[in-house]
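K.L.:
Enclosed is the structure file my_file-v1.cif (mmCIF, C-alpha atoms and all ligand atoms).
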data_data
loop_
_atom_site.label_atom_id
_atom_site.label_comp_id
_atom_site.auth_asym_id
_atom_site.auth_seq_id
_atom_site.Cartn_x
_atom_site.Cartn_y
_atom_site.Cartn_z
CA MET A 778 0.00 0.00 0.00
CA ALA A 779 1.19 3.54 -0.77
CA LYS A 780 2.56 5.52 2.15
CA PRO A 781 0.21 8.08 3.75
CA ILE A 782 0.89 11.61 2.47
CA LEU A 783 1.56 14.50 4.83
CA VAL A 784 2.06 18.00 3.43
CA ALA A 785 3.09 20.75 5.86
CA ASN A 786 1.99 24.19 4.69
CA TRP A 787 4.04 26.66 6.71
CA LYS A 788 2.51 29.69 4.95
CA ASN A 789 4.50 32.79 6.04
CA HIS A 790 5.91 31.16 9.22
CA PRO A 791 8.17 30.84 11.23
CA ASN A 792 9.02 34.49 11.71
CA SER A 793 12.78 34.14 11.33
CA LEU A 794 15.45 31.81 10.03
CA SER A 795 16.63 31.08 13.55
CA GLU A 796 13.13 29.96 14.59
CA THR A 797 12.98 27.85 11.44
CA MET A 798 16.24 26.13 12.38
CA VAL A 799 14.92 25.34 15.85
CA LEU A 800 11.75 23.84 14.37
CA LEU A 801 13.72 21.80 11.83
CA ARG A 802 16.00 20.44 14.54
CA GLU A 803 12.98 19.31 16.55
CA ILE A 804 11.30 17.76 13.49
CA ALA A 805 14.50 15.93 12.48
CA LYS A 806 14.50 14.08 15.83
CA SER A 807 11.61 11.99 14.44
CA ALA A 808 13.23 11.36 11.05
CA LYS A 809 12.72 7.61 11.38
CA LEU A 810 8.98 8.11 11.83
CA TYR A 811 8.68 10.49 8.87
CA LYS A 812 10.39 8.01 6.56
CA LYS A 813 7.30 5.84 6.93
CA LEU A 814 5.26 8.59 5.23
CA SER A 815 5.52 10.73 2.13
CA LEU A 816 6.32 13.96 3.96
CA PHE A 817 6.49 17.27 2.09
CA VAL A 818 7.30 20.60 3.73
CA ALA A 819 6.27 23.86 2.05
CA PRO A 820 8.16 26.72 3.76
CA PRO A 821 8.40 30.39 2.71
CA PHE A 822 10.80 30.72 -0.26
CA THR A 823 13.42 32.43 1.89
CA TYR A 824 13.88 29.25 3.94
CA PHE A 825 14.09 26.86 0.97
CA GLU A 826 17.81 26.19 1.21
CA SER A 827 17.79 25.54 4.97
CA VAL A 828 14.70 23.35 4.79
CA SER A 829 15.86 21.28 1.80
CA GLU A 830 19.23 20.67 3.46
CA ARG A 831 17.77 19.64 6.80
CA LEU A 832 14.95 17.49 5.48
CA GLY A 833 17.66 15.12 4.29
CA ASN A 834 16.19 11.79 3.37
CA PHE A 835 13.04 11.93 5.50
CA GLY A 836 11.08 14.64 3.71
CA GLN A 837 10.82 16.56 0.45
CA LEU A 838 10.63 20.22 -0.38
CA ALA A 839 7.35 21.69 -1.59
CA SER A 840 6.33 25.18 -2.66
CA GLN A 841 3.17 27.01 -1.63
CA ASN A 842 2.64 28.31 -5.13
CA ILE A 843 4.15 28.09 -8.60
CA SER A 844 4.35 30.80 -11.22
CA SER A 845 3.12 29.96 -14.71
CA LEU A 846 5.37 32.61 -16.27
CA SER A 847 7.66 31.52 -19.04
CA PRO A 848 11.31 32.66 -18.85
CA GLY A 849 11.71 36.45 -18.79
CA ASN A 850 12.17 39.35 -16.39
CA TYR A 851 9.62 39.50 -13.58
CA THR A 852 10.50 41.55 -10.53
CA GLY A 853 9.42 39.83 -7.35
CA GLN A 854 8.55 36.50 -8.95
CA VAL A 855 10.07 33.09 -8.29
CA THR A 856 10.02 31.12 -11.52
CA PRO A 857 9.60 27.32 -11.82
CA ASP A 858 13.24 26.80 -12.84
CA ILE A 859 14.31 28.30 -9.50
CA LEU A 860 11.93 25.98 -7.64
CA LYS A 861 13.38 23.03 -9.54
CA SER A 862 16.95 24.05 -8.75
CA PHE A 863 16.20 23.78 -5.02
CA GLY A 864 14.75 20.29 -5.49
CA THR A 865 11.06 21.19 -5.18
CA LYS A 866 9.02 18.03 -5.63
CA LEU A 867 5.48 19.32 -5.10
CA SER A 868 3.63 22.62 -5.47
CA ILE A 869 0.48 23.58 -3.63
CA ILE A 870 -1.69 25.17 -6.30
CA GLY A 871 -4.92 27.12 -5.83
CA HIS A 872 -4.85 27.40 -2.04
CA SER A 873 -7.92 29.36 -0.93
CA GLU A 874 -5.67 32.09 0.49
CA ARG A 875 -4.17 32.56 -2.99
CA ARG A 876 -7.62 32.41 -4.61
CA GLY A 877 -8.45 35.19 -2.12
CA PHE A 878 -5.72 37.31 -3.74
CA GLY A 879 -7.59 37.00 -7.04
CA GLU A 880 -6.17 33.77 -8.43
CA THR A 881 -8.82 32.20 -10.67
CA SER A 882 -9.36 28.61 -11.74
CA GLU A 883 -8.00 29.64 -15.17
CA HIS A 884 -4.72 30.72 -13.54
CA ILE A 885 -4.74 27.49 -11.58
CA ALA A 886 -5.27 25.34 -14.68
CA LYS A 887 -2.24 27.06 -16.22
CA LYS A 888 -0.13 26.55 -13.11
CA ILE A 889 -1.00 22.85 -13.01
CA LYS A 890 0.32 22.50 -16.57
CA THR A 891 3.48 24.40 -15.65
CA ALA A 892 4.12 22.11 -12.67
CA LEU A 893 3.55 18.99 -14.78
CA HIS A 894 5.90 20.33 -17.42
CA CYS A 895 8.61 20.72 -14.75
CA SER A 896 7.90 17.28 -13.23
CA ILE A 897 6.66 18.89 -10.02
CA ILE A 898 3.59 17.23 -8.46
CA PRO A 899 0.65 19.67 -8.50
CA LEU A 900 -1.34 19.50 -5.25
CA VAL A 901 -4.53 21.21 -6.38
CA CYS A 902 -6.68 22.74 -3.65
CA ILE A 903 -10.45 22.91 -3.93
CA GLY A 904 -13.13 23.57 -1.34
CA GLU A 905 -16.37 25.39 -0.76
CA MET A 906 -16.48 28.72 1.09
CA SER A 907 -19.41 27.70 3.25
CA ARG A 908 -22.08 25.02 3.57
CA ASP A 909 -25.81 25.37 3.06
CA PRO A 910 -28.55 22.94 4.11
CA ASP A 911 -29.60 22.31 0.49
CA GLY A 912 -26.16 21.09 -0.54
CA GLU A 913 -25.63 23.83 -3.14
CA TYR A 914 -21.96 23.83 -2.17
CA PHE A 915 -21.61 20.59 -4.12
CA GLU A 916 -22.29 22.59 -7.29
CA PHE A 917 -19.56 25.04 -6.30
CA LEU A 918 -17.17 22.16 -5.70
CA ARG A 919 -18.03 20.59 -9.07
CA ASP A 920 -17.46 23.89 -10.93
CA GLU A 921 -14.19 24.58 -9.14
CA LEU A 922 -12.87 21.10 -9.85
CA LYS A 923 -13.92 21.21 -13.50
CA SER A 924 -12.44 24.63 -14.19
CA SER A 925 -9.21 23.94 -12.28
CA LEU A 926 -8.56 20.66 -14.11
CA ALA A 927 -9.71 21.94 -17.51
CA GLY A 928 -7.66 20.81 -20.48
CA LEU A 929 -5.74 18.05 -18.70
CA ASN A 930 -5.09 14.75 -20.38
CA PRO A 931 -6.48 11.81 -18.38
CA LYS A 932 -3.70 9.53 -19.57
CA THR A 933 -0.62 11.69 -19.19
CA ASP A 934 -1.53 14.43 -16.72
CA ILE A 935 -4.10 13.36 -14.19
CA SER A 936 -2.15 10.38 -12.92
CA LYS A 937 0.57 12.78 -11.75
CA LEU A 938 -1.48 15.14 -9.63
CA MET A 939 -3.01 15.13 -6.17
CA LEU A 940 -6.07 16.94 -4.85
CA ALA A 941 -6.47 18.63 -1.51
CA TYR A 942 -10.06 19.08 -0.38
CA GLU A 943 -9.92 22.11 1.89
CA PRO A 944 -13.32 23.55 2.82
CA VAL A 945 -12.51 27.21 3.37
CA TRP A 946 -14.80 27.46 6.41
CA ALA A 947 -12.68 24.82 8.17
CA ILE A 948 -9.24 26.37 7.63
CA GLY A 949 -7.19 27.90 10.44
CA LYS A 950 -9.43 26.86 13.33
CA HIS A 951 -9.21 23.96 15.77
CA ALA A 952 -10.01 20.27 15.76
CA GLN A 953 -13.56 20.79 17.02
CA ASP A 954 -14.31 23.17 14.11
CA ALA A 955 -13.05 20.82 11.37
CA ILE A 956 -15.24 18.74 9.13
CA THR A 957 -16.74 15.54 10.56
CA PRO A 958 -15.59 12.18 9.15
CA ALA A 959 -19.12 11.55 7.80
CA ASN A 960 -19.19 14.85 5.90
CA LEU A 961 -15.65 14.32 4.64
CA SER A 962 -16.59 10.87 3.30
CA GLN A 963 -19.50 12.45 1.42
CA SER A 964 -17.23 15.06 -0.15
CA VAL A 965 -14.67 12.43 -1.15
CA ILE A 966 -17.37 10.37 -2.86
CA PHE A 967 -18.65 13.48 -4.61
CA ILE A 968 -15.16 14.47 -5.83
CA LYS A 969 -14.63 10.95 -7.18
CA LYS A 970 -17.97 11.14 -8.98
CA VAL A 971 -16.99 14.43 -10.64
CA LEU A 972 -13.61 12.95 -11.64
CA THR A 973 -15.41 9.92 -13.11
CA ASP A 974 -17.70 12.20 -15.13
CA MET A 975 -14.80 14.37 -16.30
CA PHE A 976 -12.33 11.59 -17.03
CA ASN A 977 -13.11 8.02 -16.06
CA ARG A 978 -13.43 5.68 -13.10
CA VAL A 979 -9.78 4.63 -13.14
CA VAL A 980 -8.69 8.26 -12.82
CA ALA A 981 -11.18 8.83 -10.01
CA GLU A 982 -9.76 5.93 -8.02
CA HIS A 983 -6.15 6.76 -8.79
CA VAL A 984 -5.92 10.47 -7.87
CA PRO A 985 -4.92 10.79 -4.19
CA ILE A 986 -7.34 13.03 -2.30
CA LEU A 987 -5.96 14.75 0.80
CA TYR A 988 -7.92 16.72 3.37
CA GLY A 989 -6.92 20.07 4.87
CA GLY A 990 -8.62 22.32 7.40
CA SER A 991 -7.96 22.41 11.16
CA VAL A 992 -6.28 19.03 11.29
CA GLU A 993 -4.72 18.43 14.69
CA PRO A 994 -3.65 15.33 16.65
CA ALA A 995 -7.11 15.34 18.30
CA ASN A 996 -9.11 14.76 15.09
CA ILE A 997 -6.75 13.11 12.64
CA GLY A 998 -7.52 9.50 13.59
CA PRO A 999 -11.16 9.23 12.43
CA LEU A 1000 -10.61 11.70 9.57
CA PHE A 1001 -8.07 9.27 8.17
CA SER A 1002 -9.50 5.87 8.97
CA GLU A 1003 -13.16 6.50 8.09
CA THR A 1004 -13.08 8.59 4.94
CA GLY A 1005 -11.04 7.15 2.06
CA ILE A 1006 -8.54 9.99 1.96
CA LYS A 1007 -4.83 9.35 1.39
CA GLY A 1008 -3.31 12.00 3.62
CA PHE A 1009 -3.43 15.57 4.88
CA LEU A 1010 -2.46 19.11 4.08
CA VAL A 1011 -1.72 20.61 7.48
CA GLY A 1012 -1.28 24.29 8.30
CA HIS A 1013 -0.84 25.54 11.88
CA ALA A 1014 -0.31 22.11 13.48
CA SER A 1015 2.69 21.50 11.21
CA LEU A 1016 4.53 24.42 12.82
CA ASN A 1017 4.69 22.59 16.12
CA ALA A 1018 7.11 19.65 16.10
CA LYS A 1019 5.14 17.76 18.77
CA SER A 1020 1.84 18.09 16.89
CA LEU A 1021 3.43 17.13 13.59
CA LYS A 1022 4.92 14.05 15.20
CA ALA A 1023 1.58 13.08 16.77
CA ILE A 1024 -0.15 13.50 13.40
CA ALA A 1025 2.49 11.32 11.71
CA GLU A 1026 2.13 8.66 14.40
CA SER A 1027 -1.63 8.52 13.82
CA LEU A 1028 -1.13 8.14 10.08
CA ILE A 1029 1.18 5.17 10.37
CA SER A 1030 -0.92 3.44 13.01
CA LYS A 1031 -3.88 2.99 10.63
C1 LIG A 1101 -4.18 25.32 5.15
O1 LIG A 1101 -4.28 26.55 5.19
O2 LIG A 1101 -3.81 24.71 4.12
C2 LIG A 1101 -4.54 24.56 6.33
C3 LIG A 1101 -4.85 23.30 6.21
O3 LIG A 1101 -4.50 25.28 7.50
P1 LIG A 1101 -4.91 24.77 8.96
O4 LIG A 1101 -4.40 23.36 9.14
O5 LIG A 1101 -4.26 25.72 9.87
O6 LIG A 1101 -6.40 24.80 9.01
#
I need this file expressed as structure tokens, please.
Ligand code: PEP
P.N.:
Amino acid sequence: MAKPILVANWKNHPNSLSETMVLLREIAKSAKLYKKLSLFVAPPFTYFESVSERLGNFGQLASQNISSLSPGNYTGQVTPDILKSFGTKLSIIGHSERRGFGETSEHIAKKIKTALHCSIIPLVCIGEMSRDPDGEYFEFLRDELKSSLAGLNPKTDISKLMLAYEPVWAIGKHAQDAITPANLSQSVIFIKKVLTDMFNRVVAEHVPILYGGSVEPANIGPLFSETGIKGFLVGHASLNAKSLKAIAESLISK
């Protein structure tokens, strides 16, 4: 069976390189544990070198975004060739916080193609803003998935990407505010149905679906064992070495 996937999204944290080094030292103490998973760490760009060096052979470098710009002069941009040169293996694409800055599904579709072209795994984020009793959010989810994955080839492209289902209402809170396992199972089934309609059943079963949104040691167990997901995209809890370790331990105990 494939290893559980754990992606740490550090966003714009820690606040300094020295704090980053302290965190990395703590995380590295559990290197043996992390080797049992597919661990990716997505730090701010400025910490790329330190993180890629210290992850050694127990984790891989990820980026929180990828630019779809072709070579040229772009002040303030980090281009895909730079990401590659640091050994970036995965890019989080379409995170709701980036969509909040105006990134559209069209941009995201382009970025997915850029990542695939560079042999970087696209981790494509989708998720509804809020839930309504009539289930209209399923329509939102369908549209977002369809427009983000538009133009991809089921044979050559889709098998190389991963999806992160991150309901926006559940991000950045605490375990008790996260989705329930029953509701997560429903969303996973729905996403697979949309993938089947867009591509085919084989694709729907093959694409790893991760969950993100207030995952902590307290809720990870049932979210993993009862829902059909393959791993997690973790924000705030991944910035605490103890929490990250507890999350990893839960993943390998299933
Ligand atoms: C995220 O923003 O991708 C995320 C999952 O954050 P948190 O775990 O803090 O909800």
K.L.:
Atom CA of Arg919 of chain A and atom CA of Thr891 of chain A, how far apart in Å?
P.N.:
22.8 Å
K.L.:
Tell me, as a list in words, which residues lie within 10 Å of Phe976 of chain A, counting all atoms listed in the file; anything in the same chain fewer than 3 positions away does not count.
P.N.:
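Close residues of Phe976 of chain A: Leu929, Asn930, Pro931, Lys932, Ile935, Lys970, Val971, Leu972, Thr973, Val979, Val980 and Ala981 of chain A.
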K.L.:
Could you turn the residues from that selection into a file that holds C-alpha atoms, as a PDB file, in the frame of the given file?
P.N.:
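Below is the file that was written, selection-v1.pdb:
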ATOM      1  CA  LEU A 929      -5.740  18.050 -18.700  1.00  0.00           C
ATOM      2  CA  ASN A 930      -5.090  14.750 -20.380  1.00  0.00           C
ATOM      3  CA  PRO A 931      -6.480  11.810 -18.380  1.00  0.00           C
ATOM      4  CA  LYS A 932      -3.700   9.530 -19.570  1.00  0.00           C
ATOM      5  CA  ILE A 935      -4.100  13.360 -14.190  1.00  0.00           C
ATOM      6  CA  LYS A 970     -17.970  11.140  -8.980  1.00  0.00           C
ATOM      7  CA  VAL A 971     -16.990  14.430 -10.640  1.00  0.00           C
ATOM      8  CA  LEU A 972     -13.610  12.950 -11.640  1.00  0.00           C
ATOM      9  CA  THR A 973     -15.410   9.920 -13.110  1.00  0.00           C
ATOM     10  CA  VAL A 979      -9.780   4.630 -13.140  1.00  0.00           C
ATOM     11  CA  VAL A 980      -8.690   8.260 -12.820  1.00  0.00           C
ATOM     12  CA  ALA A 981     -11.180   8.830 -10.010  1.00  0.00           C
TER      13      ALA A 981
END
K.L.:
Can you pull out every residue within 6 Å of Asn842 of chain A, counting all atoms listed in the file, but drop anything in the same chain fewer than 5 positions away, and send it as number ranges by chain?
P.N.:
A: 868-870
K.L.:
I'd like the neighbourhood of Val901 of chain A as an mmCIF file with C-alpha atoms, in the frame of the given file, where a residue qualifies if any of its atoms comes within 9 Å (using all atoms listed in the file), though same-chain residues fewer than 6 positions away should be ignored.
P.N.:
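selection27.cif, written as the output of this step:
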data_model
loop_
_atom_site.group_PDB
_atom_site.id
_atom_site.type_symbol
_atom_site.label_atom_id
_atom_site.label_comp_id
_atom_site.auth_asym_id
_atom_site.auth_seq_id
_atom_site.Cartn_x
_atom_site.Cartn_y
_atom_site.Cartn_z
ATOM 1 C CA SER A 868 3.630 22.620 -5.470
ATOM 2 C CA ILE A 869 0.480 23.580 -3.630
ATOM 3 C CA ILE A 870 -1.690 25.170 -6.300
ATOM 4 C CA GLY A 871 -4.920 27.120 -5.830
ATOM 5 C CA HIS A 872 -4.850 27.400 -2.040
ATOM 6 C CA ILE A 885 -4.740 27.490 -11.580
ATOM 7 C CA ILE A 889 -1.000 22.850 -13.010
ATOM 8 C CA SER A 925 -9.210 23.940 -12.280
ATOM 9 C CA LEU A 926 -8.560 20.660 -14.110
ATOM 10 C CA LEU A 938 -1.480 15.140 -9.630
ATOM 11 C CA MET A 939 -3.010 15.130 -6.170
ATOM 12 C CA LEU A 940 -6.070 16.940 -4.850
ATOM 13 C CA ALA A 941 -6.470 18.630 -1.510
ATOM 14 C CA TYR A 942 -10.060 19.080 -0.380
#
K.L.:
I need the residue nearest ligand LIG 1101 (chain A) from this list: A:His790, A:His884, A:Lys780, A:Lys806. Use only C-alpha atoms and all ligand atoms for the distance.
P.N.:
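Ranking A:His790, A:His884, A:Lys780, A:Lys806 by distance to ligand LIG 1101 (chain A), first place goes to A:His790.
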K.L.:
How close does each residue of chain A get to ligand LIG 1101 (chain A), giving the shortest atom pair and distance in Å to one decimal for every residue with an atom at most 6 Å away, counting only C-alpha atoms and all ligand atoms, sorted by chain and residue number, as JSON lines?
P.N.:
{"residue": "A:Asn786", "atom": "CA", "partner": "A:LIG1101", "partner_atom": "O2", "distance": 5.9}
{"residue": "A:Ile948", "atom": "CA", "partner": "A:LIG1101", "partner_atom": "O6", "distance": 3.5}
{"residue": "A:Gly949", "atom": "CA", "partner": "A:LIG1101", "partner_atom": "O6", "distance": 3.5}
{"residue": "A:Lys950", "atom": "CA", "partner": "A:LIG1101", "partner_atom": "O6", "distance": 5.7}
{"residue": "A:Gly989", "atom": "CA", "partner": "A:LIG1101", "partner_atom": "C3", "distance": 4.1}
{"residue": "A:Gly990", "atom": "CA", "partner": "A:LIG1101", "partner_atom": "O6", "distance": 3.7}
{"residue": "A:Ser991", "atom": "CA", "partner": "A:LIG1101", "partner_atom": "O6", "distance": 3.6}
{"residue": "A:Val992", "atom": "CA", "partner": "A:LIG1101", "partner_atom": "O4", "distance": 5.2}
{"residue": "A:Leu1010", "atom": "CA", "partner": "A:LIG1101", "partner_atom": "C3", "distance": 5.3}
{"residue": "A:Val1011", "atom": "CA", "partner": "A:LIG1101", "partner_atom": "O4", "distance": 4.2}
{"residue": "A:Gly1012", "atom": "CA", "partner": "A:LIG1101", "partner_atom": "O4", "distance": 3.4}
{"residue": "A:His1013", "atom": "CA", "partner": "A:LIG1101", "partner_atom": "O5", "distance": 4.0}
K.L.:
Please indicate the distance in Å from atom CA of Asp909 of chain A to atom CA of Ile966 of chain A, rounded to one decimal place.
P.N.:
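Straight-line distance from atom CA of Asp909 of chain A to atom CA of Ile966 of chain A works out to 18.2 Å.
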K.L.:
Suppose you want the space between atom CA of Gly1008 of chain A and atom CA of Asp934 of chain A; what is it in Å?
P.N.:
20.6 Å
K.L.:
Using only C-alpha atoms, can you tell me which of A:Ile1024, A:Lys1031, A:Ser964, A:Leu846 comes closest to Leu783 of chain A?
P.N.:
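For Leu783 of chain A, the nearest of the given residues is A:Ile1024.
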K.L.:
Let me make sure I understand: among A:Ala805, A:Ala995, A:Val818, A:Met906, which one has the smallest atom-to-atom distance to Trp946 of chain A if we use all atoms listed in the file?
P.N.:
A:Met906
